[in-house]
Amino acid sequence: MLPWKRVFRPFAALLLAAAAVTVPAVSAAHADSAADSATGTTVETAAVAASASGWNDYRCKPSAAHPRPVVLVHGTLGNSVDNWLALAPYLTVRGYCVFSVDYGQLPGVPLFHGLGPIDASAGQLSAFVDKVLAATGAAEVDLVGHSQGGMMPRYYLKFLGGAAKVGALVGIAPDNHGATLSGLTRLLPYFPGAEDLITAATPGLADQMPGSEFLAELNAGGDTVPGVRYTVIATKYDEVATPWRSQYLSGPGVRNVLLQDLCPLDLSEHVAIALFDRIAFHEVANALDPAHATATTCASVLS
């Protein structure tokens, strides 16, 4: 490792801890004056834009070709619109009813979600799935999630009855066994109080640290539950859900995919793989409809 990286990493760990405390505090300070005006308008406008783009349209009725609506589950610090500006339209033009959920909001923290306790977030996902099923008349949904959004639904499937309502879970760079942030989280013990601050201010981050009580409960007794198809799409350039092989699941009905095995030229990292990587998108489409899957290659960027 280069010497400057040895110097930088401890400072990065401190910044992580500081951000966990200051982001909620700063946001809360402005919440009263801005929530009902700029923030509320932004969220409402984004939701309207999403509906106009063909997703989150509760009038949508699944077709015989695609009988299960697709629920998109954003990652940490994401939201139901920004995370899916490319993938949601990609799926809607292919005939899917597509919906996206917000979860894990902290009081006074707009737009940046996925920070609340993950078991509570799974409860929010459960309620959203029920809403989608009621609106569409479908018997099941398929879930596609990025990062925490690919891992958190496993709690819903395992503990909240979700397995009876879900056909497939597709995780895009999911932190199924924790996120080390390229090893940064291992430095937290060297900064007394940092981990406690993160746990108190942003429990969703603490739950994702390898060795957390949440992950121990989630992964005890096996990674999967019967009746659900699982796909993990990973990139070896991931710098968040590391080591990248920790994203993989074990068990029946699992398919683990490395993007670079499909296209060696794909350089996407943790964020890009979900935001605009059409090679990953093609593999998502294959996972949702395996009976009509086609080979994913570098040329899939044009599909």
# chains A, B, ... in the order shown; residues from 1 in each chain; ligands from 1
>>> residues_around(residues="segment 114-130 of chain A", least_positions_apart="3", cutoff="9 Å", atoms="only C-alpha atoms", output="PyMOL selection string")
chain A and resi 71+73-79+100-106+133-135+140-141+148-149+152-157+160-162+165-166+201-208+214
>>> write_last_selection(atoms="C-alpha atoms", output="PDB file, in the first residue's frame")
ATOM      1  CA  VAL A  71     -40.040  -3.431  -6.533  1.00  0.00           C
ATOM      2  CA  VAL A  73     -35.010  -1.100  -3.198  1.00  0.00           C
ATOM      3  CA  HIS A  74     -32.416   1.688  -3.002  1.00  0.00           C
ATOM      4  CA  GLY A  75     -29.113   1.563  -1.154  1.00  0.00           C
ATOM      5  CA  THR A  76     -27.751   3.445   1.848  1.00  0.00           C
ATOM      6  CA  LEU A  77     -27.942   7.222   1.346  1.00  0.00           C
ATOM      7  CA  GLY A  78     -30.122   6.657  -1.715  1.00  0.00           C
ATOM      8  CA  ASN A  79     -33.818   7.221  -2.321  1.00  0.00           C
ATOM      9  CA  SER A 100     -39.658   1.935  -5.932  1.00  0.00           C
ATOM     10  CA  VAL A 101     -39.729   2.210  -2.159  1.00  0.00           C
ATOM     11  CA  ASP A 102     -38.243   4.698   0.301  1.00  0.00           C
ATOM     12  CA  TYR A 103     -37.105   3.259   3.628  1.00  0.00           C
ATOM     13  CA  GLY A 104     -34.860   3.949   6.581  1.00  0.00           C
ATOM     14  CA  GLN A 105     -35.495   7.698   6.820  1.00  0.00           C
ATOM     15  CA  LEU A 106     -34.137   9.500   9.871  1.00  0.00           C
ATOM     16  CA  LEU A 133     -49.837  -6.327  -4.477  1.00  0.00           C
ATOM     17  CA  ALA A 134     -53.149  -4.733  -3.529  1.00  0.00           C
ATOM     18  CA  ALA A 135     -52.908  -2.170  -6.329  1.00  0.00           C
ATOM     19  CA  GLU A 140     -46.069 -11.990  -5.895  1.00  0.00           C
ATOM     20  CA  VAL A 141     -43.469  -9.336  -6.627  1.00  0.00           C
ATOM     21  CA  GLN A 148     -28.171  -2.391   1.488  1.00  0.00           C
ATOM     22  CA  GLY A 149     -31.250  -2.682  -0.708  1.00  0.00           C
ATOM     23  CA  MET A 152     -32.138  -5.832   3.688  1.00  0.00           C
ATOM     24  CA  PRO A 153     -34.934  -7.690   1.817  1.00  0.00           C
ATOM     25  CA  ARG A 154     -33.449 -10.962   3.044  1.00  0.00           C
ATOM     26  CA  TYR A 155     -34.632 -10.000   6.543  1.00  0.00           C
ATOM     27  CA  TYR A 156     -38.111  -9.463   5.123  1.00  0.00           C
ATOM     28  CA  LEU A 157     -37.993 -12.844   3.396  1.00  0.00           C
ATOM     29  CA  LEU A 160     -41.460 -11.114   8.120  1.00  0.00           C
ATOM     30  CA  GLY A 161     -43.251 -13.569   5.860  1.00  0.00           C
ATOM     31  CA  GLY A 162     -41.892 -12.125   2.635  1.00  0.00           C
ATOM     32  CA  LYS A 165     -44.958 -12.854  -1.560  1.00  0.00           C
ATOM     33  CA  VAL A 166     -41.662 -12.762  -3.502  1.00  0.00           C
ATOM     34  CA  ALA A 201     -26.730   8.456  14.983  1.00  0.00           C
ATOM     35  CA  THR A 202     -27.083   6.098  12.006  1.00  0.00           C
ATOM     36  CA  PRO A 203     -28.020   2.588  13.143  1.00  0.00           C
ATOM     37  CA  GLY A 204     -28.419   1.435   9.550  1.00  0.00           C
ATOM     38  CA  LEU A 205     -24.697   1.941   9.021  1.00  0.00           C
ATOM     39  CA  ALA A 206     -23.812   0.103  12.219  1.00  0.00           C
ATOM     40  CA  ASP A 207     -26.014  -2.836  11.210  1.00  0.00           C
ATOM     41  CA  GLN A 208     -23.960  -3.243   8.030  1.00  0.00           C
ATOM     42  CA  PHE A 214     -28.012  -7.739  12.852  1.00  0.00           C
TER      43      PHE A 214
END
>>> closest_atom_pairs(of="segment 85-189 of chain A", to="segment 236-240 of chain A", cutoff="8 Å", atoms="only C-alpha atoms", output="CSV")
residue,atom,partner,partner_atom,distance
A:Ala173,CA,A:Asp238,CA,7.6
A:Ala179,CA,A:Val240,CA,5.8
A:Thr180,CA,A:Val240,CA,6.5
A:Leu181,CA,A:Val240,CA,4.2
A:Ser182,CA,A:Glu239,CA,5.4
>>> atom_distance(atom1="atom CA of Ala293 of chain A", atom2="atom CA of Gly137 of chain A")
25.7 Å
>>> residues_around(residues="segment 276-289 of chain A", least_positions_apart="6", cutoff="6 Å", atoms="only C-alpha atoms", output="number ranges by chain")
A: 86, 300-301
>>> residues_around(residues="segment 217-222 of chain A", least_positions_apart="6", cutoff="9 Å", atoms="only C-alpha atoms", output="list in words")
Arg154, Tyr155, Lys158, Phe159, Asn176, His177, Leu249, Ser250 and Gly251 of chain A
>>> write_last_selection(atoms="N, CA and C atoms", output="short mmCIF file (atom, residue, chain, number, x, y, z; two decimals), in the first residue's frame")
data_model
loop_
_atom_site.label_atom_id
_atom_site.label_comp_id
_atom_site.auth_asym_id
_atom_site.auth_seq_id
_atom_site.Cartn_x
_atom_site.Cartn_y
_atom_site.Cartn_z
N ARG A 154 -33.61 -9.61 2.53
CA ARG A 154 -33.45 -10.96 3.04
C ARG A 154 -34.03 -11.08 4.46
N TYR A 155 -34.00 -10.00 5.22
CA TYR A 155 -34.63 -10.00 6.54
C TYR A 155 -36.15 -10.11 6.38
N LYS A 158 -36.95 -13.69 5.41
CA LYS A 158 -36.65 -14.70 6.42
C LYS A 158 -37.51 -14.57 7.67
N PHE A 159 -37.82 -13.34 8.07
CA PHE A 159 -38.47 -13.13 9.37
C PHE A 159 -39.85 -12.48 9.31
N ASN A 176 -24.20 -8.53 1.62
CA ASN A 176 -24.87 -9.63 2.32
C ASN A 176 -24.17 -10.07 3.59
N HIS A 177 -22.87 -9.88 3.66
CA HIS A 177 -22.13 -10.28 4.85
C HIS A 177 -21.35 -9.10 5.43
N LEU A 249 -24.02 -15.28 -2.11
CA LEU A 249 -24.86 -16.09 -1.24
C LEU A 249 -24.60 -17.57 -1.49
N SER A 250 -24.91 -18.37 -0.49
CA SER A 250 -24.84 -19.82 -0.62
C SER A 250 -26.21 -20.40 -0.34
N GLY A 251 -26.57 -21.43 -1.09
CA GLY A 251 -27.84 -22.09 -0.83
C GLY A 251 -28.57 -22.42 -2.11
#
>>> select_by_dssp(residues="segment 45-227 of chain A", states="alpha helix (DSSP H)", output="PyMOL selection string")
chain A and resi 45-52+87-92+118-136+148-151+153-159+194-201+203-207+213-219
>>> select_by_dssp(residues="segment 55-255 of chain A", states="strand (DSSP E)", output="list in words")
Val70, Val71, Leu72, Val73, Val98, Phe99, Ser100, Val101, Val141, Asp142, Leu143, Val144, Gly145, His146, Val166, Gly167, Ala168, Leu169, Val170, Gly171, Ile172, Arg229, Tyr230, Thr231, Val232, Ile233, Ala234, Val254 and Arg255 of chain A
>>> closest_residue(among="A:Leu169, A:Ala234, A:Leu85, A:Cys97", to="Tyr58 of chain A", atoms="only C-alpha atoms")
A:Cys97
